[in-house]
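protein32.cif, holding mmCIF, C-alpha atoms and all ligand atoms:
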data_work
loop_
_atom_site.label_atom_id
_atom_site.label_comp_id
_atom_site.auth_asym_id
_atom_site.auth_seq_id
_atom_site.Cartn_x
_atom_site.Cartn_y
_atom_site.Cartn_z
CA MET Y 703 73.60 117.01 89.49
CA THR Y 704 75.90 114.07 90.23
CA THR Y 705 75.36 110.54 88.89
CA LEU Y 706 75.21 107.86 91.58
CA LEU Y 707 76.17 104.27 90.70
CA THR Y 708 75.38 101.61 93.29
CA THR Y 709 76.51 97.99 93.57
CA ARG Y 710 73.32 97.04 91.69
CA ASP Y 711 74.27 99.33 88.80
CA ILE Y 712 77.70 97.69 88.54
CA GLY Y 713 75.94 94.31 88.42
CA ALA Y 714 73.70 95.66 85.64
CA ILE Y 715 76.71 96.94 83.66
CA VAL Y 716 78.51 93.59 83.91
CA GLY Y 717 75.23 91.78 83.10
CA ALA Y 718 74.66 93.90 79.98
CA LYS Y 719 78.21 93.90 78.66
CA GLY Y 720 79.54 90.57 79.95
CA LEU Y 721 82.47 90.14 82.35
CA ALA Y 722 85.02 89.45 79.57
CA ALA Y 723 84.12 92.67 77.71
CA CYS Y 724 84.14 94.72 80.94
CA LEU Y 725 87.54 93.39 81.99
CA GLY Y 726 88.96 93.68 78.46
CA THR Y 727 87.74 97.27 78.06
CA LEU Y 728 89.09 98.09 81.50
CA VAL Y 729 92.53 96.81 80.45
CA SER Y 730 92.46 99.15 77.46
CA TYR Y 731 91.39 102.13 79.65
CA LEU Y 732 94.25 101.28 82.04
CA GLU Y 733 96.72 101.05 79.17
CA ASP Y 734 95.55 104.41 77.81
CA ASP Y 735 96.03 106.08 81.21
CA PHE Y 736 99.33 104.36 82.11
CA SER Y 737 100.59 105.43 78.65
CA ARG Y 738 100.13 109.10 79.58
CA TRP Y 739 101.80 108.71 83.00
CA ALA Y 740 103.50 112.12 82.91
CA GLU Y 741 100.15 113.92 82.59
CA PHE Y 742 99.00 112.86 86.06
CA ASP Y 743 99.44 114.66 89.38
CA LYS Y 744 100.42 111.59 91.45
CA SER Y 745 100.95 110.90 95.15
CA ALA Y 746 101.18 107.87 97.41
CA ARG Y 747 97.86 107.23 99.10
CA VAL Y 748 97.05 108.59 102.55
CA ALA Y 749 96.64 105.74 105.03
CA ASN Y 750 95.12 105.80 108.52
CA HIS Y 751 96.27 102.67 110.30
CA SER Y 752 94.56 101.01 113.26
CA ARG Y 753 95.15 97.77 115.17
CA ASP Y 754 93.12 95.57 112.80
CA GLY Y 755 93.24 97.43 109.52
CA VAL Y 756 93.71 100.52 107.44
CA ILE Y 757 91.50 103.13 105.78
CA GLU Y 758 93.01 104.86 102.77
CA LEU Y 759 92.27 107.81 100.47
CA MET Y 760 93.65 107.60 96.93
CA PRO Y 761 93.60 110.87 94.94
CA ILE Y 762 94.87 111.57 91.41
CA SER Y 763 94.14 114.03 88.59
CA ASP Y 764 95.04 115.02 85.05
CA ALA Y 765 94.23 118.36 83.39
CA SER Y 766 90.52 117.62 83.12
CA LEU Y 767 89.48 114.96 85.66
CA TYR Y 768 90.13 114.35 89.35
CA SER Y 769 89.30 111.13 91.22
CA PHE Y 770 89.65 109.70 94.67
CA LYS Y 771 88.84 106.34 96.22
CA TYR Y 772 88.03 105.57 99.84
CA VAL Y 773 89.09 102.00 100.60
CA ASN Y 774 89.70 99.93 103.70
CA GLY Y 775 91.64 96.74 104.39
CA HIS Y 776 90.55 94.78 107.48
CA PRO Y 777 91.58 91.10 107.21
CA LYS Y 778 89.56 90.13 110.32
CA ASN Y 779 86.34 91.61 108.93
CA THR Y 780 85.14 88.37 107.33
CA ARG Y 781 84.76 86.83 110.81
CA ALA Y 782 82.26 89.60 111.58
CA GLY Y 783 80.40 89.08 108.30
CA LEU Y 784 81.95 92.08 106.53
CA PRO Y 785 84.23 92.11 103.47
CA THR Y 786 87.97 92.68 104.02
CA VAL Y 787 87.95 95.42 101.36
CA MET Y 788 85.12 97.98 100.81
CA ALA Y 789 85.34 101.04 98.63
CA PHE Y 790 83.60 103.93 96.93
CA GLY Y 791 84.92 106.82 94.91
CA LEU Y 792 84.32 109.98 92.98
CA LEU Y 793 85.14 111.52 89.60
CA ALA Y 794 85.14 115.32 89.42
CA ASP Y 795 85.63 118.03 86.81
CA VAL Y 796 88.99 119.76 87.36
CA ASP Y 797 87.91 123.10 85.86
CA THR Y 798 85.05 123.62 88.32
CA GLY Y 799 85.48 120.96 91.02
CA ARG Y 800 81.95 119.71 90.28
CA PRO Y 801 81.50 116.04 91.32
CA GLU Y 802 80.33 114.19 88.19
CA LEU Y 803 80.13 110.60 89.38
CA LEU Y 804 79.87 109.00 92.82
CA SER Y 805 80.24 105.25 92.59
CA GLU Y 806 80.54 102.01 94.46
CA LEU Y 807 84.08 100.70 94.06
CA THR Y 808 84.10 97.42 95.97
CA LEU Y 809 83.17 95.19 93.03
CA THR Y 810 84.98 97.66 90.80
CA THR Y 811 88.21 97.39 92.83
CA ALA Y 812 88.19 93.63 92.36
CA MET Y 813 87.76 94.08 88.59
CA ARG Y 814 90.36 96.86 88.27
CA THR Y 815 92.89 94.91 90.35
CA ALA Y 816 92.46 91.83 88.15
CA ALA Y 817 92.58 93.96 84.99
CA THR Y 818 95.80 95.64 86.21
CA SER Y 819 97.33 92.22 86.93
CA VAL Y 820 96.45 91.15 83.38
CA MET Y 821 97.82 94.38 81.87
CA VAL Y 822 101.17 93.69 83.54
CA ALA Y 823 101.20 89.92 82.94
CA LYS Y 824 100.55 90.52 79.20
CA ARG Y 825 104.06 92.04 78.97
CA VAL Y 826 105.84 90.30 81.80
CA ALA Y 827 104.56 86.71 82.08
CA ARG Y 828 105.51 84.03 79.55
CA PRO Y 829 103.06 84.26 76.62
CA ASP Y 830 102.61 80.47 76.70
CA SER Y 831 101.40 80.54 80.35
CA ARG Y 832 98.43 78.18 80.79
CA VAL Y 833 98.47 77.24 84.50
CA MET Y 834 98.01 79.71 87.35
CA ALA Y 835 98.17 79.07 91.10
CA VAL Y 836 95.80 81.20 93.17
CA ILE Y 837 96.81 81.41 96.83
CA GLY Y 838 94.06 83.07 98.87
CA ASN Y 839 90.59 82.22 97.62
CA GLY Y 840 88.56 85.08 99.11
CA ALA Y 841 86.66 88.01 97.59
CA GLN Y 842 89.25 88.98 94.94
CA SER Y 843 90.04 85.45 93.74
CA GLU Y 844 87.25 84.83 91.17
CA PHE Y 845 88.09 88.13 89.47
CA GLN Y 846 91.78 87.21 89.20
CA ALA Y 847 91.08 83.66 87.98
CA LEU Y 848 88.50 84.76 85.41
CA ALA Y 849 90.48 87.74 84.13
CA PHE Y 850 93.50 85.50 83.46
CA HIS Y 851 91.28 82.81 81.91
CA LEU Y 852 89.23 85.14 79.71
CA LEU Y 853 91.98 87.55 78.65
CA LEU Y 854 95.27 85.63 78.85
CA GLY Y 855 94.35 82.03 78.05
CA ILE Y 856 94.87 80.45 81.49
CA GLU Y 857 93.30 76.98 81.26
CA GLU Y 858 93.89 75.62 84.78
CA VAL Y 859 93.88 77.29 88.20
CA ARG Y 860 95.50 75.51 91.14
CA LEU Y 861 93.88 76.71 94.34
CA TYR Y 862 94.91 76.92 97.97
CA ASP Y 863 93.53 78.77 100.99
CA VAL Y 864 93.97 78.05 104.69
CA ASP Y 865 90.14 78.21 104.73
CA ALA Y 866 88.85 75.20 102.75
CA GLY Y 867 85.40 76.85 102.66
CA ALA Y 868 86.81 79.80 100.68
CA THR Y 869 88.31 77.40 98.11
CA ALA Y 870 85.00 75.48 97.83
CA LYS Y 871 83.19 78.81 97.21
CA LEU Y 872 85.73 79.74 94.51
CA VAL Y 873 85.44 76.34 92.79
CA ALA Y 874 81.62 76.52 92.82
CA ASN Y 875 81.62 80.07 91.36
CA LEU Y 876 84.16 79.17 88.65
CA ARG Y 877 82.32 75.97 87.65
CA ALA Y 878 79.06 77.94 87.38
CA VAL Y 879 80.38 80.64 85.04
CA ALA Y 880 83.49 79.18 83.36
CA PRO Y 881 83.21 75.38 83.05
CA ALA Y 882 86.14 75.33 80.56
CA LEU Y 883 88.50 76.58 83.27
CA GLN Y 884 89.90 73.59 85.17
CA ALA Y 885 89.94 74.27 88.93
CA THR Y 886 92.27 72.01 90.93
CA VAL Y 887 92.05 72.09 94.72
CA CYS Y 888 95.45 71.74 96.44
CA SER Y 889 96.35 71.00 100.03
CA SER Y 890 99.23 73.48 100.37
CA THR Y 891 100.73 76.54 98.71
CA ALA Y 892 103.73 74.46 97.59
CA GLU Y 893 101.44 71.92 95.90
CA ALA Y 894 99.42 74.67 94.18
CA VAL Y 895 102.53 76.45 92.91
CA ARG Y 896 104.19 73.28 91.56
CA GLY Y 897 103.91 73.37 87.74
CA ALA Y 898 102.28 76.82 87.65
CA ASP Y 899 103.40 79.36 85.04
CA ILE Y 900 101.85 82.25 86.98
CA VAL Y 901 101.43 82.45 90.76
CA THR Y 902 98.82 84.88 92.08
CA THR Y 903 98.98 85.57 95.81
CA VAL Y 904 95.88 87.30 97.09
CA THR Y 905 95.80 86.49 100.78
CA ALA Y 906 94.67 88.80 103.59
CA ASP Y 907 96.59 88.76 106.85
CA LYS Y 908 97.97 91.77 108.70
CA THR Y 909 101.41 90.24 109.10
CA ASN Y 910 104.75 89.82 107.34
CA ALA Y 911 103.84 86.43 105.86
CA THR Y 912 106.03 84.35 103.58
CA ILE Y 913 103.43 82.69 101.39
CA ILE Y 914 105.93 82.23 98.54
CA THR Y 915 109.46 81.09 99.42
CA PRO Y 916 112.41 80.83 97.00
CA ASP Y 917 112.27 77.00 96.89
CA MET Y 918 108.83 77.27 95.22
CA LEU Y 919 110.15 79.30 92.27
CA ALA Y 920 110.76 77.74 88.87
CA PRO Y 921 112.49 79.28 85.84
CA GLY Y 922 110.11 81.42 83.78
CA MET Y 923 107.56 81.89 86.57
CA HIS Y 924 105.61 85.13 86.96
CA VAL Y 925 104.46 86.03 90.48
CA ASN Y 926 101.43 88.32 90.62
CA GLY Y 927 101.66 89.46 94.25
CA VAL Y 928 98.41 91.22 95.10
CA GLY Y 929 97.84 90.79 98.84
CA GLY Y 930 101.02 92.41 100.24
CA ASP Y 931 99.79 95.98 100.10
CA CYS Y 932 100.30 97.65 103.45
CA PRO Y 933 103.14 98.35 105.90
CA GLY Y 934 103.67 95.18 107.98
CA LYS Y 935 101.65 93.06 105.49
CA THR Y 936 103.70 91.07 102.97
CA GLU Y 937 103.42 87.74 101.13
CA LEU Y 938 106.75 87.13 99.39
CA HIS Y 939 110.03 86.08 101.00
CA ALA Y 940 112.73 88.71 100.35
CA ASP Y 941 114.75 86.14 98.37
CA VAL Y 942 111.82 85.78 95.94
CA LEU Y 943 112.23 89.45 95.12
CA ARG Y 944 116.02 89.04 94.89
CA ALA Y 945 115.60 86.17 92.41
CA ALA Y 946 113.26 88.15 90.16
CA THR Y 947 112.88 91.22 88.00
CA VAL Y 948 110.38 93.29 89.95
CA PHE Y 949 107.71 95.54 88.43
CA VAL Y 950 105.67 98.04 90.44
CA GLU Y 951 102.95 100.60 89.83
CA TYR Y 952 104.17 103.83 91.51
CA GLU Y 953 107.54 103.33 93.19
CA PRO Y 954 107.19 105.83 96.09
CA GLN Y 955 104.00 104.06 97.23
CA SER Y 956 105.27 100.53 96.58
CA ARG Y 957 108.40 101.14 98.69
CA ILE Y 958 106.09 101.84 101.67
CA GLU Y 959 103.33 99.30 101.05
CA GLY Y 960 104.50 96.53 98.76
CA ASP Y 961 106.50 93.39 99.40
CA LEU Y 962 109.25 95.80 98.44
CA GLN Y 963 109.04 97.30 101.96
CA GLN Y 964 111.41 94.50 103.06
CA MET Y 965 114.12 95.56 100.64
CA PRO Y 966 116.83 98.23 100.88
CA ALA Y 967 116.01 101.61 99.33
CA ASP Y 968 118.36 100.95 96.39
CA PHE Y 969 116.79 97.58 95.44
CA ALA Y 970 116.06 97.96 91.71
CA VAL Y 971 112.47 97.92 90.45
CA THR Y 972 110.78 99.02 87.23
CA GLU Y 973 107.67 101.17 87.19
CA PHE Y 974 105.35 99.40 84.77
CA TRP Y 975 104.44 102.51 82.74
CA ARG Y 976 108.03 102.45 81.42
CA VAL Y 977 107.43 99.05 79.85
CA LEU Y 978 104.28 100.38 78.12
CA ALA Y 979 106.23 103.42 76.92
CA GLY Y 980 108.99 101.21 75.46
CA ASP Y 981 111.34 102.84 77.93
CA ALA Y 982 112.13 99.63 79.86
CA ALA Y 983 112.06 95.95 79.00
CA GLY Y 984 109.27 93.63 80.10
CA ARG Y 985 110.21 89.93 80.02
CA THR Y 986 113.55 89.43 78.34
CA SER Y 987 113.87 85.62 78.31
CA PRO Y 988 111.70 82.50 78.81
CA GLU Y 989 113.72 81.59 81.95
CA GLN Y 990 113.46 84.98 83.67
CA ILE Y 991 111.50 85.07 86.94
CA THR Y 992 109.27 88.13 87.20
CA VAL Y 993 107.27 89.65 90.07
CA PHE Y 994 104.48 92.21 89.89
CA ASP Y 995 104.47 93.70 93.40
CA SER Y 996 100.92 95.06 93.15
CA VAL Y 997 99.60 97.41 95.84
CA GLY Y 998 96.84 99.21 93.94
CA PHE Y 999 97.45 102.73 92.65
CA ALA Y 1000 94.99 105.64 92.34
CA LEU Y 1001 95.39 105.74 88.55
CA GLU Y 1002 93.72 102.30 88.32
CA ASP Y 1003 90.61 103.66 90.04
CA PHE Y 1004 90.71 106.76 87.82
CA SER Y 1005 90.59 104.47 84.76
CA ALA Y 1006 87.83 102.35 86.30
CA LEU Y 1007 85.72 105.42 87.15
CA ARG Y 1008 86.14 106.73 83.59
CA LEU Y 1009 84.92 103.40 82.25
CA LEU Y 1010 81.96 103.30 84.64
CA ARG Y 1011 80.98 106.84 83.62
CA ASP Y 1012 81.10 105.90 79.93
CA LEU Y 1013 79.25 102.57 80.28
CA ALA Y 1014 76.59 104.00 82.62
CA GLY Y 1015 75.99 106.83 80.12
CA GLU Y 1016 75.72 104.36 77.23
CA LEU Y 1017 73.34 102.04 79.12
CA GLY Y 1018 71.29 104.80 80.77
CA LEU Y 1019 72.17 103.54 84.26
CA GLY Y 1020 72.63 105.52 87.47
CA ARG Y 1021 70.57 108.05 89.34
CA SER Y 1022 70.97 111.84 89.44
CA ILE Y 1023 71.43 113.06 93.00
CA ASP Y 1024 71.90 116.51 94.53
CA LEU Y 1025 75.18 115.61 96.24
CA VAL Y 1026 76.01 119.31 96.09
CA PRO Y 1027 73.30 122.02 96.00
CA ASP Y 1028 71.74 122.79 92.61
CA LEU Y 1029 71.38 126.58 92.94
CA ALA Y 1030 69.62 129.05 90.64
CA ASP Y 1031 71.79 131.76 92.28
CA PRO Y 1032 75.16 130.24 93.25
CA LYS Y 1033 75.62 132.93 95.92
CA ASN Y 1034 72.29 132.04 97.54
CA LEU Y 1035 73.44 128.86 99.29
CA PHE Y 1036 71.17 129.67 102.24
CA GLY Y 1037 68.14 129.40 99.95
CA ALA Y 1038 68.86 125.67 99.50
CA LEU Y 1039 67.76 125.12 103.14
CA ARG Y 1040 64.19 126.07 102.13
CA MET Y 1041 63.46 127.16 105.71
CA PRO Y 1042 59.99 128.47 106.52
CA ALA Y 1043 61.09 130.73 109.43
CA VAL Y 1044 63.83 130.89 112.02
CA THR Y 1045 62.62 129.62 115.42
CA GLY Y 1046 64.16 129.97 118.89
CA LEU Y 1047 66.74 127.60 120.40
CA PRO Y 1048 65.15 124.49 122.01
CA GLU Y 1049 65.39 124.71 125.84
CA ALA Y 1050 67.66 121.63 126.26
CA LEU Y 1051 70.14 122.96 123.72
CA ARG Y 1052 70.05 126.47 125.29
CA VAL Y 1053 70.93 124.92 128.68
CA ALA Y 1054 73.67 122.74 127.18
CA LEU Y 1055 75.26 125.70 125.38
CA ALA Y 1056 75.09 127.84 128.53
CA ALA Y 1057 76.82 125.17 130.66
N1 LIG F 1101 96.96 95.09 95.15
C1 LIG F 1101 95.74 95.55 95.04
O1 LIG F 1101 95.45 96.41 94.21
C2 LIG F 1101 94.66 94.97 95.93
C3 LIG F 1101 93.32 95.23 95.63
C4 LIG F 1101 92.35 94.61 96.41
C5 LIG F 1101 92.73 93.82 97.49
N2 LIG F 1101 94.05 93.63 97.76
C6 LIG F 1101 94.47 92.79 98.87
O2 LIG F 1101 94.22 91.45 98.49
C7 LIG F 1101 94.04 90.66 99.66
C8 LIG F 1101 92.85 89.77 99.51
O3 LIG F 1101 91.68 90.54 99.49
P1 LIG F 1101 90.24 89.83 99.56
O4 LIG F 1101 89.25 90.93 99.39
O5 LIG F 1101 90.20 88.66 98.63
O6 LIG F 1101 90.27 89.31 101.07
P2 LIG F 1101 89.46 88.09 101.71
O7 LIG F 1101 89.58 88.26 103.18
O8 LIG F 1101 88.10 88.00 101.11
O9 LIG F 1101 90.29 86.79 101.26
C9 LIG F 1101 91.59 86.54 101.67
C10 LIG F 1101 91.80 85.04 101.79
O10 LIG F 1101 93.17 84.80 102.13
C11 LIG F 1101 93.18 83.63 102.92
N3 LIG F 1101 94.46 83.51 103.59
C12 LIG F 1101 94.94 84.24 104.63
N4 LIG F 1101 96.18 83.81 104.97
C13 LIG F 1101 96.49 82.80 104.12
C14 LIG F 1101 97.61 81.96 103.97
N5 LIG F 1101 98.69 82.08 104.75
N6 LIG F 1101 97.61 81.04 102.98
C15 LIG F 1101 96.53 80.91 102.16
N7 LIG F 1101 95.41 81.66 102.27
C16 LIG F 1101 95.41 82.61 103.24
C17 LIG F 1101 91.99 83.82 103.84
O11 LIG F 1101 91.57 82.60 104.42
C18 LIG F 1101 90.94 84.40 102.88
O12 LIG F 1101 90.11 83.41 102.33
C19 LIG F 1101 93.93 91.65 100.81
O13 LIG F 1101 95.17 91.64 101.50
C20 LIG F 1101 93.70 92.98 100.16
O14 LIG F 1101 94.21 94.05 100.91
C21 LIG F 1101 95.03 94.20 97.01
#
Output the structure of this file as structure tokens.
Ligand SMILES: NC(=O)c1ccc[n+]([C@@H]2O[C@H](COP(=O)([O-])OP(=O)(O)OC[C@H]3O[C@@H](n4cnc5c(N)ncnc54)[C@H](O)[C@@H]3O)[C@@H](O)[C@H]2O)c1
Amino acid sequence: MTTLLTTRDIGAIVGAKGLAACLGTLVSYLEDDFSRWAEFDKSARVANHSRDGVIELMPISDASLYSFKYVNGHPKNTRAGLPTVMAFGLLADVDTGRPELLSELTLTTAMRTAATSVMVAKRVARPDSRVMAVIGNGAQSEFQALAFHLLLGIEEVRLYDVDAGATAKLVANLRAVAPALQATVCSSTAEAVRGADIVTTVTADKTNATIITPDMLAPGMHVNGVGGDCPGKTELHADVLRAATVFVEYEPQSRIEGDLQQMPADFAVTEFWRVLAGDAAGRTSPEQITVFDSVGFALEDFSALRLLRDLAGELGLGRSIDLVPDLADPKNLFGALRMPAVTGLPEALRVALAA
């Protein structure tokens, strides 16, 4: 049997454990998995592009577990009452191929993206960072703001979105759950970025946007670029990347999907796992400008699914489902149909097949 976790189960896990503990534990699961980078069979995700969006499959495995995520990105969806990003995924046993866990990953993607941003910022942002700009105040934004507040000591978020309603929603949600976090509404990206130690861009627009331009940079700033994650969809001006030390998840995928897509093939970047391994430097000076060109890599969902499996087991959450047949005789697949008797072809179908 396979365990099914729905959106409600994820809510129950976060309710039972608390958001800070969930995000903090997720960071440690991510660090564990990024630390054993060489053990994973990795590939860039498979993307099916359409006029208004993209649907992607993100597979990865180590010697014992395999996972994949289905995820979309449709920036116009919110106008039709649907989220921009929706996801689900699966964890399977490598030895047998048996699917162990089928889970919602929409809420989970928001948490794992924020936890990944924190994992990187821990080593790459200035440790005395207290103010973060958040440009793009949609579905991902609370998770980013709260993860940086709860885990990295951000005390003020400076907010801007072209949609004032999105910013009002973010402010209301933050005031309700984290009154100690100061939320300042700004009237432009430039105003929000002024005085920020960390700049998180998490906008959704299927275009080569320049949300952050070089004139907005200040010495020591860390840019956590989350929304530029698809060919033809960027947020950072190329000179922002040129002015910074750039960290990525998995270089072959980031060259296609990240803000990095604007740069020549020999533009230098550092895969973040090297920093964890002590193989490459993180931040080297208080004045250095750093960029995390985040696109979202399958390993992050692998870590998140592992955590969900462990927490659901501990809390007794989830439902057993027969996603694949549960057979007494594995060669008797036909028996799983439990058919009383074979009947003749219905007339309409017989005619259609004969035509
Ligand atoms: N890197 C990752 O791992 C990762 C993970 C999840 C989502 N994402 C990306 O993050 C982005 C945001 O996702 P979401 O679920 O919050 O989407 P969303 O549609 O809920 O919110 C995006 C917000 O960006 C705002 N926006 C668009 N253009 C803007 C501009 N020029 N200036 C300021 N605000 C602007 C929109 O008004 C909207 O409120 C998407 O592009 C998504 O693909 C990346």
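Here the question is which of Y:Cys724, Y:Leu793, Y:Met703, Y:Cys888 gets nearest to Y:Leu852 using only C-alpha atoms, and that residue is Y:Cys724.
Proximity of Y:Leu872, Y:Ala866, Y:Arg825, Y:Ser956 to Y:Leu854, computed with all atoms listed in the file, is greatest for Y:Arg825.
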Hey, which bits of chain Y sit within 8 Å of ligand LIG 1101 (chain F), and for each residue what's the closest pair of atoms and how far apart in Å (one decimal), counting all atoms listed in the file, rows by chain and increasing number, as a tab-separated table?
residue	atom	partner	partner_atom	distance
Y:Asn774	CA	F:LIG1101	O14	7.9
Y:Gly775	CA	F:LIG1101	O14	5.1
Y:His776	CA	F:LIG1101	O14	7.6
Y:Pro777	CA	F:LIG1101	O7	5.3
Y:Lys778	CA	F:LIG1101	O7	7.4
Y:Asn779	CA	F:LIG1101	O7	7.4
Y:Thr780	CA	F:LIG1101	O7	6.1
Y:Pro785	CA	F:LIG1101	O8	6.1
Y:Thr786	CA	F:LIG1101	O7	4.8
Y:Val787	CA	F:LIG1101	O4	5.1
Y:Thr811	CA	F:LIG1101	C4	6.1
Y:Ala812	CA	F:LIG1101	C4	5.9
Y:Arg814	CA	F:LIG1101	O1	7.8
Y:Thr815	CA	F:LIG1101	O1	4.9
Y:Ile837	CA	F:LIG1101	C15	5.4
Y:Gly838	CA	F:LIG1101	O10	3.8
Y:Asn839	CA	F:LIG1101	O12	4.9
Y:Gly840	CA	F:LIG1101	O9	3.2
Y:Ala841	CA	F:LIG1101	O5	3.7
Y:Gln842	CA	F:LIG1101	O5	3.8
Y:Ser843	CA	F:LIG1101	O5	5.9
Y:Tyr862	CA	F:LIG1101	C15	6.0
Y:Asp863	CA	F:LIG1101	N7	3.7
Y:Val864	CA	F:LIG1101	N7	4.6
Y:Asp865	CA	F:LIG1101	O11	4.6
Y:Ala868	CA	F:LIG1101	O12	5.2
Y:Thr869	CA	F:LIG1101	O12	7.6
Y:Thr891	CA	F:LIG1101	N6	6.9
Y:Val904	CA	F:LIG1101	C8	4.6
Y:Thr905	CA	F:LIG1101	O10	3.4
Y:Ala906	CA	F:LIG1101	O13	3.6
Y:Asp907	CA	F:LIG1101	C12	5.3
Y:Lys908	CA	F:LIG1101	O13	7.7
Y:Ala911	CA	F:LIG1101	N5	6.8
Y:Thr912	CA	F:LIG1101	N5	7.8
Y:Ile913	CA	F:LIG1101	N5	5.8
Y:Gly927	CA	F:LIG1101	N1	7.4
Y:Val928	CA	F:LIG1101	N1	4.1
Y:Gly929	CA	F:LIG1101	O2	3.7
Y:Gly930	CA	F:LIG1101	O13	6.0
Y:Asp931	CA	F:LIG1101	N1	5.8
Y:Cys932	CA	F:LIG1101	O14	7.5
Y:Lys935	CA	F:LIG1101	O13	7.7
Y:Asp995	CA	F:LIG1101	N1	7.8
Y:Ser996	CA	F:LIG1101	N1	4.4
Y:Val997	CA	F:LIG1101	N1	3.6
Y:Gly998	CA	F:LIG1101	O1	3.1
Y:Phe999	CA	F:LIG1101	O1	6.8
From the list Y:Asp917, Y:Asp1003, Y:Asp743, Y:Asp941, which residue is nearest Y:Leu792 when using all atoms listed in the file?
Y:Asp1003
Counting only C-alpha atoms, which residue out of Y:Glu973, Y:Arg1011, Y:Glu959, Y:Pro1042 sits closest to Y:Val756?
Y:Glu959
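Among the candidate residues Y:Met760, Y:Leu721, Y:Leu1025, Y:Ala1050, the one lying nearest to Y:Thr704 is Y:Leu1025, with distances computed using only C-alpha atoms.
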Let me have the centre and edge lengths of the axis-aligned box enclosing all listed atoms of stretch 1003-1019 of chain Y with 6 Å padding on every side, in Å to one decimal, as JSON.
{"center_x": 81.0, "center_y": 104.4, "center_z": 83.6, "size_x": 31.4, "size_y": 16.8, "size_z": 24.8}
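Omitting Y:Asp830 and its sequence neighbours fewer than 3 positions away, and counting only C-alpha atoms, the residues within 10 Å are Ala827, Val833, Leu854, Gly855, Ile856, Asp899 and Pro988 of chain Y.
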For the residues in that selection, give me C-alpha atoms as a short mmCIF file (atom, residue, chain, number, x, y, z; two decimals), in the frame of the given file.
data_model
loop_
_atom_site.label_atom_id
_atom_site.label_comp_id
_atom_site.auth_asym_id
_atom_site.auth_seq_id
_atom_site.Cartn_x
_atom_site.Cartn_y
_atom_site.Cartn_z
CA ALA Y 827 104.56 86.71 82.08
CA VAL Y 833 98.47 77.24 84.50
CA LEU Y 854 95.27 85.63 78.85
CA GLY Y 855 94.35 82.03 78.05
CA ILE Y 856 94.87 80.45 81.49
CA ASP Y 899 103.40 79.36 85.04
CA PRO Y 988 111.70 82.50 78.81
#
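Nearest to Y:Asp735 of all the residues Y:Leu978, Y:Ala940, Y:Leu962, Y:Val950 is Y:Leu978, based on only C-alpha atoms.
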Using only C-alpha atoms, which residues sit within 12 Å of Y:Arg1040 once same-chain residues fewer than 4 positions away are excluded, as a ChimeraX atom specification?
/Y:1027,1029,1034-1036,1044
I'd like the contact shell of Y:Met923 - 12 Å cut-off, only C-alpha atoms, skipping same-chain residues fewer than 6 positions apart - returned as a VMD selection string.
chain Y and resid 823 826 to 835 895 to 902 916 942 945 to 947 985 987 to 994
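Atom CA of Y:Trp739 is positioned 27.7 Å from atom CA of Y:Ala847.
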Find the distance between atom CA of Y:Lys719 and atom CA of Y:Arg860 and write it in Å to one decimal.
28.2 Å
Would you work out the distance separating atom CA of Y:Asp711 from atom CA of Y:Ala789, expressed in Å to one decimal?
14.9 Å
Completion step: stretch 966-975 of chain Y with N, CA and C atoms as a PDB file, in the frame of the given file:
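And here's rebuild.pdb as it stands now:
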ATOM      1  N   PRO Y 966     116.137  96.949 100.728  1.00  0.00           N
ATOM      2  CA  PRO Y 966     116.830  98.230 100.880  1.00  0.00           C
ATOM      3  C   PRO Y 966     116.340  99.248  99.848  1.00  0.00           C
ATOM      4  N   ALA Y 967     116.534 100.529 100.173  1.00  0.00           N
ATOM      5  CA  ALA Y 967     116.010 101.610  99.330  1.00  0.00           C
ATOM      6  C   ALA Y 967     116.570 101.581  97.909  1.00  0.00           C
ATOM      7  N   ASP Y 968     117.767 100.962  97.731  1.00  0.00           N
ATOM      8  CA  ASP Y 968     118.360 100.950  96.390  1.00  0.00           C
ATOM      9  C   ASP Y 968     118.062  99.649  95.629  1.00  0.00           C
ATOM     10  N   PHE Y 969     117.153  98.806  96.164  1.00  0.00           N
ATOM     11  CA  PHE Y 969     116.790  97.580  95.440  1.00  0.00           C
ATOM     12  C   PHE Y 969     116.070  97.990  94.144  1.00  0.00           C
ATOM     13  N   ALA Y 970     116.551  97.473  93.005  1.00  0.00           N
ATOM     14  CA  ALA Y 970     116.060  97.960  91.710  1.00  0.00           C
ATOM     15  C   ALA Y 970     114.670  97.411  91.372  1.00  0.00           C
ATOM     16  N   VAL Y 971     113.787  98.310  90.954  1.00  0.00           N
ATOM     17  CA  VAL Y 971     112.470  97.920  90.450  1.00  0.00           C
ATOM     18  C   VAL Y 971     112.172  98.747  89.199  1.00  0.00           C
ATOM     19  N   THR Y 972     111.201  98.285  88.428  1.00  0.00           N
ATOM     20  CA  THR Y 972     110.780  99.020  87.230  1.00  0.00           C
ATOM     21  C   THR Y 972     109.332  99.437  87.381  1.00  0.00           C
ATOM     22  N   GLU Y 973     109.071 100.734  87.239  1.00  0.00           N
ATOM     23  CA  GLU Y 973     107.670 101.170  87.190  1.00  0.00           C
ATOM     24  C   GLU Y 973     107.072 100.706  85.867  1.00  0.00           C
ATOM     25  N   PHE Y 974     105.896 100.087  85.940  1.00  0.00           N
ATOM     26  CA  PHE Y 974     105.350  99.400  84.770  1.00  0.00           C
ATOM     27  C   PHE Y 974     105.087 100.340  83.581  1.00  0.00           C
ATOM     28  N   TRP Y 975     104.750 101.599  83.849  1.00  0.00           N
ATOM     29  CA  TRP Y 975     104.440 102.510  82.740  1.00  0.00           C
ATOM     30  C   TRP Y 975     105.618 102.590  81.769  1.00  0.00           C
TER      31      TRP Y 975
END
